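Chemist: File name my_file-v5.txt; file contents compact mmCIF, C-alpha atoms and all ligand atoms; full text below.
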```
# COMPACT_ATOMS: atom_id res chain seq x y z
CA MET J 1 -43.53 -2.39 25.32
CA GLN J 2 -41.30 -4.79 23.48
CA HIS J 3 -38.77 -3.74 20.90
CA PRO J 4 -36.98 -6.34 18.81
CA SER J 5 -33.25 -5.73 18.99
CA LYS J 6 -31.60 -4.31 15.89
CA LEU J 7 -28.51 -6.34 16.84
CA PRO J 8 -29.99 -9.52 18.29
CA ARG J 9 -26.75 -11.52 18.09
CA ILE J 10 -24.62 -9.02 19.98
CA GLY J 11 -24.17 -9.73 23.67
CA THR J 12 -21.31 -9.16 26.11
CA THR J 13 -18.13 -9.46 24.08
CA ILE J 14 -15.27 -11.80 24.95
CA PHE J 15 -13.08 -8.70 25.47
CA THR J 16 -15.30 -7.56 28.33
CA VAL J 17 -15.46 -11.08 29.72
CA MET J 18 -11.67 -11.56 29.63
CA ASN J 19 -10.94 -8.12 31.08
CA HIS J 20 -13.38 -8.76 33.87
CA LEU J 21 -11.82 -12.17 34.59
CA ALA J 22 -8.30 -10.71 34.36
CA LYS J 23 -9.19 -8.16 37.04
CA LYS J 24 -10.97 -10.70 39.21
CA TYR J 25 -8.04 -13.14 39.17
CA ASP J 26 -5.34 -10.45 39.15
CA ALA J 27 -4.02 -11.90 35.90
CA ILE J 28 -1.41 -10.59 33.47
CA ASN J 29 -3.61 -9.17 30.74
CA LEU J 30 -2.46 -9.89 27.19
CA SER J 31 -6.06 -10.05 26.00
CA GLN J 32 -7.22 -6.63 24.83
CA GLY J 33 -5.15 -4.71 22.30
CA PHE J 34 -3.69 -1.73 24.08
CA PRO J 35 -0.29 -0.82 25.53
CA ASP J 36 0.30 -1.07 29.29
CA PHE J 37 2.72 1.87 29.03
CA ASP J 38 2.18 5.60 28.54
CA PRO J 39 2.53 7.67 25.37
CA ASP J 40 5.58 9.93 24.98
CA SER J 41 5.40 12.64 27.66
CA ARG J 42 6.22 15.18 24.94
CA LEU J 43 2.91 14.37 23.24
CA ILE J 44 1.06 14.75 26.54
CA ASP J 45 2.80 18.12 27.04
CA LEU J 46 1.69 19.18 23.57
CA VAL J 47 -1.96 18.51 24.53
CA THR J 48 -1.55 20.62 27.68
CA LYS J 49 0.06 23.34 25.60
CA ALA J 50 -2.83 23.22 23.11
CA MET J 51 -5.34 23.57 25.96
CA HIS J 52 -3.46 26.62 27.25
CA SER J 53 -3.35 28.08 23.75
CA GLY J 54 -7.08 28.28 23.11
CA TYR J 55 -7.80 24.94 21.42
CA ASN J 56 -10.77 24.29 23.67
CA GLN J 57 -13.80 24.85 21.44
CA TYR J 58 -15.22 22.88 18.53
CA ALA J 59 -12.73 21.96 15.85
CA PRO J 60 -13.74 22.33 12.20
CA MET J 61 -16.15 19.55 11.20
CA ALA J 62 -13.55 17.74 9.05
CA GLY J 63 -10.81 18.25 11.62
CA ASN J 64 -8.05 20.64 12.61
CA MET J 65 -6.45 21.86 9.37
CA GLU J 66 -2.87 21.56 10.66
CA LEU J 67 -3.50 17.91 11.44
CA ARG J 68 -5.06 17.25 8.05
CA GLU J 69 -2.06 18.93 6.42
CA ALA J 70 0.35 16.82 8.47
CA ILE J 71 -1.51 13.66 7.42
CA ALA J 72 -1.44 14.72 3.76
CA LYS J 73 2.31 15.29 4.07
CA LYS J 74 2.79 11.85 5.58
CA TYR J 75 0.99 10.20 2.62
CA ASP J 76 3.08 12.23 0.18
CA VAL J 77 6.34 11.20 1.82
CA LEU J 78 5.58 7.58 2.69
CA TYR J 79 3.45 6.51 -0.26
CA GLN J 80 3.93 9.31 -2.84
CA SER J 81 0.15 9.47 -2.77
CA SER J 82 -1.74 12.68 -2.55
CA TYR J 83 -4.85 13.31 -0.42
CA HIS J 84 -6.02 16.91 -0.36
CA PRO J 85 -6.37 18.18 3.22
CA GLU J 86 -9.44 20.29 2.32
CA THR J 87 -11.48 17.61 0.63
CA ASP J 88 -10.00 14.13 1.13
CA ILE J 89 -9.12 13.81 4.84
CA THR J 90 -11.43 13.79 7.88
CA ILE J 91 -10.39 13.43 11.51
CA THR J 92 -12.53 10.88 13.35
CA ALA J 93 -13.20 9.47 16.82
CA GLY J 94 -10.76 6.62 16.31
CA ALA J 95 -10.79 4.34 13.31
CA THR J 96 -14.02 2.86 14.67
CA GLN J 97 -16.01 5.98 13.84
CA ALA J 98 -14.33 6.25 10.44
CA ILE J 99 -15.40 2.68 9.69
CA PHE J 100 -18.94 3.33 10.96
CA CYS J 101 -19.33 6.48 8.84
CA ALA J 102 -17.92 4.90 5.66
CA ILE J 103 -20.30 1.96 5.99
CA SER J 104 -23.30 4.13 6.93
CA ALA J 105 -22.70 6.52 4.05
CA PHE J 106 -23.01 3.79 1.43
CA VAL J 107 -24.49 0.51 2.65
CA LYS J 108 -28.27 0.21 2.26
CA SER J 109 -30.81 -2.50 2.86
CA GLY J 110 -30.05 -5.50 0.65
CA ASP J 111 -26.43 -4.56 0.01
CA GLU J 112 -23.71 -7.11 0.63
CA VAL J 113 -20.35 -6.37 2.22
CA ILE J 114 -17.47 -8.84 2.00
CA ILE J 115 -15.16 -9.17 4.99
CA PHE J 116 -12.27 -11.53 5.72
CA ARG J 117 -12.51 -13.65 8.86
CA PRO J 118 -11.12 -13.89 11.48
CA ALA J 119 -12.10 -10.21 11.55
CA TYR J 120 -12.02 -7.28 13.95
CA ASP J 121 -15.44 -7.01 15.55
CA CYS J 122 -16.81 -3.59 14.56
CA TYR J 123 -17.52 -4.26 10.87
CA GLU J 124 -20.51 -6.60 11.05
CA PRO J 125 -22.65 -4.59 13.52
CA ALA J 126 -22.23 -1.43 11.42
CA ILE J 127 -23.22 -3.33 8.28
CA ALA J 128 -26.24 -4.85 10.06
CA LEU J 129 -27.44 -1.49 11.48
CA ASN J 130 -27.56 -0.17 7.93
CA GLY J 131 -29.58 -3.14 6.68
CA GLY J 132 -26.65 -4.73 4.87
CA LYS J 133 -25.59 -8.35 4.81
CA THR J 134 -22.10 -9.46 5.80
CA ILE J 135 -20.54 -12.02 3.48
CA SER J 136 -17.62 -13.69 5.24
CA VAL J 137 -14.63 -15.07 3.38
CA THR J 138 -12.87 -17.40 5.79
CA LEU J 139 -9.09 -17.42 6.01
CA ASP J 140 -7.67 -20.70 7.24
CA GLY J 141 -4.65 -21.20 9.44
CA PRO J 142 -1.82 -21.62 9.79
CA ASP J 143 -0.98 -19.07 7.06
CA TYR J 144 -4.41 -17.35 6.68
CA GLN J 145 -3.76 -16.42 3.03
CA VAL J 146 -6.58 -15.01 0.88
CA ASN J 147 -7.85 -17.24 -1.90
CA TRP J 148 -8.87 -14.58 -4.42
CA ASN J 149 -10.96 -17.08 -6.39
CA THR J 150 -13.18 -17.42 -3.34
CA VAL J 151 -13.51 -13.63 -3.22
CA LYS J 152 -14.36 -13.56 -6.92
CA GLU J 153 -17.11 -16.12 -6.32
CA ALA J 154 -18.48 -14.05 -3.41
CA ILE J 155 -18.86 -10.91 -5.57
CA ASN J 156 -22.23 -10.33 -7.24
CA ASP J 157 -24.53 -7.47 -8.23
CA HIS J 158 -25.42 -6.83 -4.58
CA THR J 159 -21.80 -6.37 -3.48
CA LYS J 160 -21.50 -2.77 -2.31
CA MET J 161 -18.27 -2.90 -0.37
CA ILE J 162 -15.23 -5.03 0.45
CA ILE J 163 -13.52 -4.42 3.80
CA ILE J 164 -9.88 -5.37 4.14
CA ASN J 165 -7.60 -5.03 7.15
CA THR J 166 -3.84 -4.96 6.64
CA PRO J 167 -1.93 -5.69 8.84
CA GLN J 168 -4.77 -7.87 10.07
CA ASN J 169 -6.01 -8.16 13.63
CA PRO J 170 -6.19 -10.84 15.07
CA ILE J 171 -3.95 -12.97 12.83
CA GLY J 172 -0.90 -10.73 12.33
CA THR J 173 -0.78 -11.15 8.55
CA ILE J 174 -0.20 -8.48 5.91
CA PHE J 175 -1.53 -8.09 2.38
CA SER J 176 1.21 -8.31 -0.25
CA GLU J 177 1.41 -6.22 -3.39
CA LYS J 178 0.07 -9.27 -5.22
CA ASP J 179 -2.99 -9.38 -2.94
CA LEU J 180 -3.78 -5.74 -3.59
CA LEU J 181 -3.29 -6.15 -7.34
CA GLN J 182 -5.77 -9.04 -7.21
CA LEU J 183 -8.25 -6.86 -5.33
CA GLN J 184 -7.71 -4.06 -7.83
CA ALA J 185 -8.33 -6.42 -10.76
CA LEU J 186 -11.45 -7.94 -9.15
CA THR J 187 -13.05 -4.57 -8.48
CA LYS J 188 -12.13 -3.00 -11.83
CA ASP J 189 -15.20 -1.96 -13.84
CA THR J 190 -17.46 -2.42 -10.80
CA ASN J 191 -19.08 0.07 -8.41
CA ILE J 192 -17.63 -1.68 -5.38
CA ILE J 193 -16.23 0.53 -2.63
CA VAL J 194 -13.20 -0.71 -0.70
CA LEU J 195 -12.80 0.14 2.96
CA SER J 196 -9.21 -0.49 4.00
CA ASP J 197 -8.65 -0.68 7.74
CA GLU J 198 -4.98 0.26 8.07
CA VAL J 199 -4.78 1.05 11.77
CA TYR J 200 -1.57 -0.99 12.13
CA GLU J 201 0.11 0.57 9.08
CA HIS J 202 3.23 1.46 11.10
CA ILE J 203 3.53 -1.93 12.81
CA VAL J 204 4.99 -4.14 10.07
CA PHE J 205 8.01 -6.37 10.70
CA ASP J 206 11.04 -8.06 9.17
CA GLY J 207 11.84 -5.33 6.68
CA GLU J 208 8.44 -5.58 4.92
CA THR J 209 6.69 -2.35 3.99
CA HIS J 210 3.02 -1.60 4.46
CA LYS J 211 1.02 -1.86 1.24
CA SER J 212 -1.70 0.76 1.49
CA VAL J 213 -4.55 0.77 -1.01
CA CYS J 214 -3.43 4.30 -1.89
CA LEU J 215 -0.39 2.84 -3.69
CA PHE J 216 -2.65 1.37 -6.40
CA PRO J 217 -4.35 4.15 -8.39
CA ASP J 218 -7.48 2.26 -9.49
CA LEU J 219 -7.93 0.91 -5.99
CA LYS J 220 -7.32 4.28 -4.37
CA ALA J 221 -10.05 5.81 -6.53
CA ARG J 222 -12.68 3.54 -4.91
CA SER J 223 -11.22 3.29 -1.40
CA PHE J 224 -11.52 4.68 2.08
CA VAL J 225 -8.45 4.30 4.30
CA ALA J 226 -9.22 4.18 8.05
CA ALA J 227 -6.35 4.91 10.44
CA SER J 228 -5.80 5.34 14.17
CA PHE J 229 -3.40 7.47 16.18
CA GLY J 230 -4.16 5.27 19.18
CA LYS J 231 -2.21 2.37 17.70
CA THR J 232 0.63 4.53 16.41
CA PHE J 233 1.27 6.80 19.39
CA HIS J 234 0.28 4.47 22.29
CA ASN J 235 -2.85 6.41 23.24
CA THR J 236 -5.83 4.21 22.38
CA GLY J 237 -7.85 5.98 25.09
CA TRP J 238 -7.75 9.29 23.23
CA LYS J 239 -9.76 7.74 20.38
CA VAL J 240 -8.46 9.93 17.58
CA GLY J 241 -8.14 8.56 14.07
CA TYR J 242 -8.76 9.66 10.52
CA CYS J 243 -10.13 8.67 7.19
CA CYS J 244 -8.82 9.40 3.68
CA ALA J 245 -10.67 9.02 0.39
CA PRO J 246 -11.09 10.83 -2.92
CA LYS J 247 -13.42 13.83 -2.71
CA ALA J 248 -16.55 12.22 -4.17
CA LEU J 249 -16.45 9.46 -1.55
CA MET J 250 -15.42 11.81 1.24
CA ASP J 251 -18.31 14.21 0.49
CA GLU J 252 -20.78 11.43 1.31
CA PHE J 253 -18.74 10.32 4.33
CA ARG J 254 -18.83 13.83 5.80
CA LYS J 255 -22.63 13.97 5.50
CA VAL J 256 -22.74 11.16 8.06
CA HIS J 257 -19.77 12.32 10.15
CA GLN J 258 -21.33 15.78 10.49
CA PHE J 259 -24.38 14.42 12.28
CA ASN J 260 -22.67 11.51 13.97
CA VAL J 261 -20.15 13.48 16.06
CA PHE J 262 -19.73 16.72 14.06
CA CYS J 263 -16.10 17.05 15.21
CA ILE J 264 -13.42 15.51 17.40
CA ASN J 265 -11.60 16.59 20.57
CA HIS J 266 -9.70 19.72 19.54
CA PRO J 267 -6.59 19.98 21.77
CA THR J 268 -5.51 16.41 21.00
CA GLN J 269 -5.80 17.18 17.29
CA LYS J 270 -3.53 20.21 17.60
CA ALA J 271 -1.01 18.19 19.63
CA LEU J 272 -1.09 15.29 17.17
CA ALA J 273 -0.49 17.73 14.30
CA ASP J 274 2.71 19.00 15.92
CA TYR J 275 3.84 15.48 16.83
CA LEU J 276 3.08 13.98 13.41
CA ASN J 277 5.34 16.57 11.82
CA GLU J 278 8.25 14.76 13.54
CA PRO J 279 8.30 11.56 11.42
CA ASP J 280 10.73 9.67 13.68
CA HIS J 281 7.87 8.91 16.07
CA TYR J 282 6.16 6.65 13.54
CA LEU J 283 9.25 5.61 11.59
CA GLU J 284 10.72 3.99 14.70
CA LEU J 285 7.55 2.06 15.50
CA PRO J 286 8.25 -1.13 13.48
CA GLY J 287 11.61 -1.54 15.26
CA PHE J 288 10.05 -0.79 18.65
CA TYR J 289 7.37 -3.47 18.28
CA GLN J 290 9.58 -5.96 16.46
CA LYS J 291 11.86 -5.96 19.52
CA LYS J 292 8.88 -6.74 21.72
CA ARG J 293 7.66 -9.51 19.41
CA ASP J 294 11.15 -11.03 19.27
CA LEU J 295 11.63 -10.81 23.03
CA PHE J 296 8.28 -12.49 23.65
CA LEU J 297 8.86 -15.27 21.11
CA ASP J 298 12.43 -15.88 22.27
CA LEU J 299 11.26 -16.22 25.86
CA ILE J 300 8.63 -18.83 24.94
CA LYS J 301 10.57 -20.72 22.28
CA THR J 302 10.88 -23.83 24.45
CA SER J 303 7.24 -23.75 25.54
CA ARG J 304 4.70 -26.25 24.21
CA PHE J 305 2.95 -23.55 22.15
CA ARG J 306 3.69 -23.38 18.41
CA PHE J 307 3.77 -20.17 16.41
CA THR J 308 4.55 -18.38 13.19
CA PRO J 309 5.98 -14.94 14.07
CA SER J 310 3.46 -12.14 13.55
CA LYS J 311 4.17 -10.13 10.38
CA GLY J 312 2.37 -7.03 11.59
CA THR J 313 0.01 -5.65 14.33
CA TYR J 314 0.92 -6.11 17.98
CA PHE J 315 -0.74 -9.51 18.23
CA GLN J 316 0.81 -12.96 18.26
CA LEU J 317 -1.14 -16.16 17.72
CA LEU J 318 -0.08 -19.22 19.73
CA ASP J 319 -1.21 -22.71 18.74
CA TYR J 320 -1.86 -24.96 21.71
CA SER J 321 -2.72 -28.22 19.91
CA ALA J 322 0.31 -29.95 21.44
CA ILE J 323 -1.02 -29.16 24.93
CA THR J 324 -4.76 -29.91 25.02
CA ASP J 325 -7.78 -30.48 22.81
CA GLU J 326 -9.97 -28.14 24.88
CA GLY J 327 -12.00 -25.49 23.06
CA ASP J 328 -10.20 -22.15 22.85
CA VAL J 329 -12.83 -20.23 24.84
CA ASP J 330 -12.67 -22.80 27.65
CA LEU J 331 -8.89 -22.78 27.66
CA ALA J 332 -8.66 -18.97 27.66
CA LYS J 333 -11.00 -18.81 30.66
CA ARG J 334 -9.16 -21.61 32.48
CA LEU J 335 -5.77 -19.93 31.95
CA VAL J 336 -7.00 -16.75 33.62
CA LYS J 337 -8.37 -18.61 36.60
CA GLU J 338 -5.59 -21.16 37.06
CA LYS J 339 -2.51 -19.41 35.66
CA GLN J 340 -3.45 -15.73 35.95
CA LEU J 341 -2.82 -15.11 32.26
CA ALA J 342 -5.45 -13.52 29.99
CA SER J 343 -5.61 -13.98 26.20
CA ILE J 344 -8.35 -13.97 23.56
CA PRO J 345 -9.62 -17.17 21.87
CA LEU J 346 -9.31 -16.89 18.10
CA SER J 347 -12.70 -18.48 17.41
CA VAL J 348 -14.58 -15.35 18.53
CA PHE J 349 -13.37 -13.53 15.42
CA TYR J 350 -15.25 -15.98 13.18
CA ASN J 351 -18.98 -16.11 12.49
CA LYS J 352 -19.25 -19.86 12.84
CA GLU J 353 -18.21 -22.67 15.15
CA ILE J 354 -14.53 -23.12 14.59
CA ASN J 355 -11.65 -24.20 16.77
CA ASN J 356 -8.15 -23.79 15.40
CA ASN J 357 -6.62 -24.42 18.86
CA VAL J 358 -5.27 -20.90 18.81
CA LEU J 359 -5.15 -18.05 21.34
CA ARG J 360 -4.28 -14.42 20.58
CA PHE J 361 -1.80 -12.57 22.79
CA CYS J 362 -1.11 -8.82 22.69
CA PHE J 363 2.57 -7.92 23.00
CA ALA J 364 2.10 -4.14 23.30
CA LYS J 365 3.31 -4.48 26.87
CA THR J 366 6.39 -3.54 28.88
CA ASP J 367 9.29 -5.98 28.69
CA ASP J 368 8.65 -6.80 32.33
CA THR J 369 5.02 -7.76 31.61
CA LEU J 370 6.16 -9.89 28.65
CA LYS J 371 8.74 -11.66 30.80
CA ARG J 372 6.23 -12.42 33.52
CA ALA J 373 3.73 -13.67 30.91
CA ALA J 374 6.42 -15.85 29.29
CA ASP J 375 7.29 -17.40 32.67
CA ILE J 376 3.68 -18.54 32.93
CA ILE J 377 3.45 -19.70 29.30
CA ASN J 378 6.50 -21.88 29.84
CA THR J 379 4.67 -23.76 32.60
CA ILE J 380 1.58 -24.57 30.50
C1 LIG Z 1 -8.27 -3.80 13.10
C2 LIG Z 1 -8.76 -2.69 13.96
N1 LIG Z 1 -9.51 -1.72 13.40
C3 LIG Z 1 -9.98 -0.70 14.12
C4 LIG Z 1 -9.70 -0.59 15.46
C5 LIG Z 1 -10.27 0.55 16.23
O1 LIG Z 1 -9.37 1.61 16.30
P1 LIG Z 1 -9.69 2.89 17.21
O2 LIG Z 1 -9.38 2.51 18.62
O3 LIG Z 1 -8.82 3.96 16.66
O4 LIG Z 1 -11.14 3.18 17.04
C6 LIG Z 1 -8.93 -1.58 16.09
C7 LIG Z 1 -8.68 -1.52 17.54
O5 LIG Z 1 -8.34 -2.50 18.18
C8 LIG Z 1 -8.45 -2.66 15.31
O6 LIG Z 1 -7.70 -3.62 15.86
```
Transcribe the structure of this file into structure tokens.
Modeler:
Amino acid sequence: MQHPSKLPRIGTTIFTVMNHLAKKYDAINLSQGFPDFDPDSRLIDLVTKAMHSGYNQYAPMAGNMELREAIAKKYDVLYQSSYHPETDITITAGATQAIFCAISAFVKSGDEVIIFRPAYDCYEPAIALNGGKTISVTLDGPDYQVNWNTVKEAINDHTKMIIINTPQNPIGTIFSEKDLLQLQALTKDTNIIVLSDEVYEHIVFDGETHKSVCLFPDLKARSFVAASFGKTFHNTGWKVGYCCAPKALMDEFRKVHQFNVFCINHPTQKALADYLNEPDHYLELPGFYQKKRDLFLDLIKTSRFRFTPSKGTYFQLLDYSAITDEGDVDLAKRLVKEKQLASIPLSVFYNKEINNNVLRFCFAKTDDTLKRAADIINTI
């Protein structure tokens, strides 16, 4: 029997390839986006405590109520924006599942979804599985700003959804208030749904503040916000995230979520609820990661790589055009083999042949790892 693939263009991803190579060559791994240090031991203790306190069976379908209440409180305090814990917030298996459910709940065959490239890799497959068509708006380096006229031209009667990601992986840019006002104006009087991937909301630098879609009332009314505790509390392996949206949107989302996973790991939800009620843990995150970014960039300032400091996320782009004219995939592979340093080539986040001579490095690493990586970068 032969079955045509529903995702014919998806093969082994560059993340798998680079991780495999990093292991094989015992390289310092700044490729995939996760910390090489543990979460706060207090949070781990809270999970143990939850397991000893009976949180071992199915959680409610929409998530542990204490966690939903803690999230609602966070939105009230940080953004003066209200999401009702009963109806507007659902706990998900990472932001990935939130994104999958939001897309699956609304995108049908023939619908178009606009995304901004270079883009995180989980949007397009979810759109394709639901019969939708991805429309890519390309952001060009070195500043990767959105040209809203291009977005306007991309919108038509088939446009069902626009996916934004701020701060944006892999480029480390953030949407300004002006960007979000443009998006709000463009979607006004349309039926377009906005899916805002805000997993790095607490990793914004240089005194800037995160501009969530929930700050803009007309935008909020048509938007899903996807978020991730993995990025915020250094536990990407727990895969716990959440999604917020007004009730009418969330009702449809939950119809999918209910039969996709039904509910998420219960003891981690209880622990995260207790931990989230101590705001310092996320309020100190910008400073924590800004120090790492600054350390990394200071250590490589005399290298032959060029850079604009990341404005958000824990990724830093480095431009190697002064070093070689090799393709970025070739260079990334060569650096693992010859220099024992793993990164991700930027071109893989596009949907077309492109070479900006840029590699992406993750700086969610111990200072020691960053120093050892910088020593290598300075020899390239
Ligand atoms: C932009 C972006 N969105 C979503 C995710 C997925 O988040 P989670 O691990 O919570 O599913 C990631 C993870 O790298 C990401 O970078």
Chemist: Quick one: everything within 7 Å of stretch 184-187 of chain J, counting all atoms listed in the file, minus sequence neighbours fewer than 5 positions away in the same chain. Send it as a PyMOL selection string.
Modeler: chain J and resi 152+192+218-219
Chemist: With distances taken over only C-alpha atoms and all ligand atoms, which residue among J:His84, J:Lys160, J:Lys74, J:Lys239 lies nearest ligand LIG 1 (chain Z)?
Modeler: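 With only C-alpha atoms and all ligand atoms as the atom set, the closest residue is J:Lys239.
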Chemist: Would you pick out the contacts of J:Ser136 at 12 Å or less, using all atoms listed in the file, so that residues sharing its chain but fewer than 2 positions from it are not included, and give the list as a compact mmCIF listing (two decimals) with C-alpha atoms, keeping the file's coordinate frame?
Modeler:
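To be explicit, this is the file written out as selection_12.txt:
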```
# COMPACT_ATOMS: atom_id res chain seq x y z
CA GLU J 112 -23.71 -7.11 0.63
CA VAL J 113 -20.35 -6.37 2.22
CA ILE J 114 -17.47 -8.84 2.00
CA ILE J 115 -15.16 -9.17 4.99
CA PHE J 116 -12.27 -11.53 5.72
CA ARG J 117 -12.51 -13.65 8.86
CA PRO J 118 -11.12 -13.89 11.48
CA ALA J 119 -12.10 -10.21 11.55
CA TYR J 123 -17.52 -4.26 10.87
CA GLU J 124 -20.51 -6.60 11.05
CA LYS J 133 -25.59 -8.35 4.81
CA THR J 134 -22.10 -9.46 5.80
CA THR J 138 -12.87 -17.40 5.79
CA LEU J 139 -9.09 -17.42 6.01
CA VAL J 146 -6.58 -15.01 0.88
CA THR J 150 -13.18 -17.42 -3.34
CA VAL J 151 -13.51 -13.63 -3.22
CA GLU J 153 -17.11 -16.12 -6.32
CA ALA J 154 -18.48 -14.05 -3.41
CA ILE J 155 -18.86 -10.91 -5.57
CA ILE J 162 -15.23 -5.03 0.45
CA ILE J 163 -13.52 -4.42 3.80
CA ILE J 164 -9.88 -5.37 4.14
CA PHE J 349 -13.37 -13.53 15.42
CA TYR J 350 -15.25 -15.98 13.18
CA ASN J 351 -18.98 -16.11 12.49
CA LYS J 352 -19.25 -19.86 12.84
```
Chemist: Skipping near chain neighbours, those fewer than 2 positions away, what residues fall within 8 Å of J:Asp367 using all atoms listed in the file, listed as a list in words?
Modeler: Lys292, Leu295, Lys365, Thr369, Leu370 and Lys371 of chain J
Chemist: Please dump the current selection as a short mmCIF file (atom, residue, chain, number, x, y, z; two decimals), keeping the file's coordinate frame; keep C-alpha atoms.
Modeler:
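The result, written out as again-v3.cif:
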```cif
data_model
loop_
_atom_site.label_atom_id
_atom_site.label_comp_id
_atom_site.auth_asym_id
_atom_site.auth_seq_id
_atom_site.Cartn_x
_atom_site.Cartn_y
_atom_site.Cartn_z
CA LYS J 292 8.88 -6.74 21.72
CA LEU J 295 11.63 -10.81 23.03
CA LYS J 365 3.31 -4.48 26.87
CA THR J 369 5.02 -7.76 31.61
CA LEU J 370 6.16 -9.89 28.65
CA LYS J 371 8.74 -11.66 30.80
#
```
Chemist: Near J:Asn29, counting only C-alpha atoms, which residues have an atom at most 6 Å away, once you skip same-chain residues fewer than 2 positions from it, shown as a VMD selection string?
Modeler: chain J and resid 27 31 342
Chemist: Using all atoms of ligand LIG 1 (chain Z) that appear in the file, construct an axis-aligned enclosing box with 5 Å of padding on every side and provide its centre coordinates and edge lengths in Å, rounded to one decimal, as lines of an AutoDock Vina configuration file.
Modeler:
```
center_x = -9.4
center_y = 0.1
center_z = 15.9
size_x = 13.4
size_y = 17.8
size_z = 15.5
```
Chemist: Kindly give the distance, in Å, that separates atom CA of J:Phe205 and atom CA of J:Phe229, rounded to a single decimal.
Modeler: 18.8 Å
Chemist: Expressed in Å to a single decimal, how great is the separation between atom CA of J:Ala248 and atom CA of J:Arg222?
Modeler: 9.5 Å
Chemist: Write out as a ChimeraX atom specification the residues lying within 7 Å of stretch 307-313 of chain J, counting all atoms listed in the file and excluding same-chain residues fewer than 2 positions away.
Modeler: /J:167-169,172-174,200,203-205,305,315-319
Chemist: Grab me every residue within 6 Å of ligand LIG 1 (chain Z), counting all atoms listed in the file, and send it over as a count of residues only.
Modeler: 13
Chemist: Restricting the calculation to only C-alpha atoms: of J:Asp26, J:Asp375, J:Glu66, J:Asp179, which residue gets closest to J:Phe296?
Modeler: J:Asp375
Chemist: Can you take stretch 125-136 of chain J from the block and write N, CA, C and O atoms as an mmCIF file, in the first residue's frame?
Modeler:
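File written: out_7.cif
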```cif
data_model
loop_
_atom_site.group_PDB
_atom_site.id
_atom_site.type_symbol
_atom_site.label_atom_id
_atom_site.label_comp_id
_atom_site.auth_asym_id
_atom_site.auth_seq_id
_atom_site.Cartn_x
_atom_site.Cartn_y
_atom_site.Cartn_z
ATOM 1 N N PRO J 125 3.395 23.439 9.205
ATOM 2 C CA PRO J 125 2.834 22.086 9.166
ATOM 3 C C PRO J 125 1.402 22.029 9.713
ATOM 4 O O PRO J 125 0.550 21.310 9.181
ATOM 5 N N ALA J 126 1.125 22.804 10.761
ATOM 6 C CA ALA J 126 -0.232 22.793 11.332
ATOM 7 C C ALA J 126 -1.234 23.389 10.342
ATOM 8 O O ALA J 126 -2.360 22.895 10.197
ATOM 9 N N ILE J 127 -0.811 24.420 9.645
ATOM 10 C CA ILE J 127 -1.684 25.031 8.624
ATOM 11 C C ILE J 127 -1.938 23.999 7.508
ATOM 12 O O ILE J 127 -3.085 23.780 7.093
ATOM 13 N N ALA J 128 -0.851 23.348 7.064
ATOM 14 C CA ALA J 128 -0.971 22.389 5.952
ATOM 15 C C ALA J 128 -1.864 21.202 6.331
ATOM 16 O O ALA J 128 -2.704 20.771 5.542
ATOM 17 N N LEU J 129 -1.713 20.683 7.561
ATOM 18 C CA LEU J 129 -2.524 19.527 7.975
ATOM 19 C C LEU J 129 -4.009 19.850 7.968
ATOM 20 O O LEU J 129 -4.849 18.965 7.835
ATOM 21 N N ASN J 130 -4.333 21.120 8.131
ATOM 22 C CA ASN J 130 -5.736 21.523 8.125
ATOM 23 C C ASN J 130 -6.207 22.001 6.747
ATOM 24 O O ASN J 130 -7.277 22.578 6.629
ATOM 25 N N GLY J 131 -5.363 21.800 5.743
ATOM 26 C CA GLY J 131 -5.754 22.140 4.370
ATOM 27 C C GLY J 131 -5.542 23.600 4.024
ATOM 28 O O GLY J 131 -5.954 24.053 2.946
ATOM 29 N N GLY J 132 -4.923 24.344 4.933
ATOM 30 C CA GLY J 132 -4.714 25.775 4.669
ATOM 31 C C GLY J 132 -3.458 26.027 3.861
ATOM 32 O O GLY J 132 -2.661 25.123 3.606
ATOM 33 N N LYS J 133 -3.318 27.290 3.458
ATOM 34 C CA LYS J 133 -2.164 27.680 2.656
ATOM 35 C C LYS J 133 -1.391 28.750 3.427
ATOM 36 O O LYS J 133 -1.991 29.734 3.877
ATOM 37 N N THR J 134 -0.082 28.526 3.563
ATOM 38 C CA THR J 134 0.739 29.518 4.264
ATOM 39 C C THR J 134 1.163 30.605 3.293
ATOM 40 O O THR J 134 1.698 30.315 2.222
ATOM 41 N N ILE J 135 0.917 31.837 3.665
ATOM 42 C CA ILE J 135 1.385 32.983 2.877
ATOM 43 C C ILE J 135 2.508 33.625 3.687
ATOM 44 O O ILE J 135 2.282 34.091 4.806
ATOM 45 N N SER J 136 3.714 33.621 3.115
ATOM 46 C CA SER J 136 4.868 34.109 3.876
ATOM 47 C C SER J 136 5.182 35.555 3.523
ATOM 48 O O SER J 136 5.307 35.893 2.347
#
```
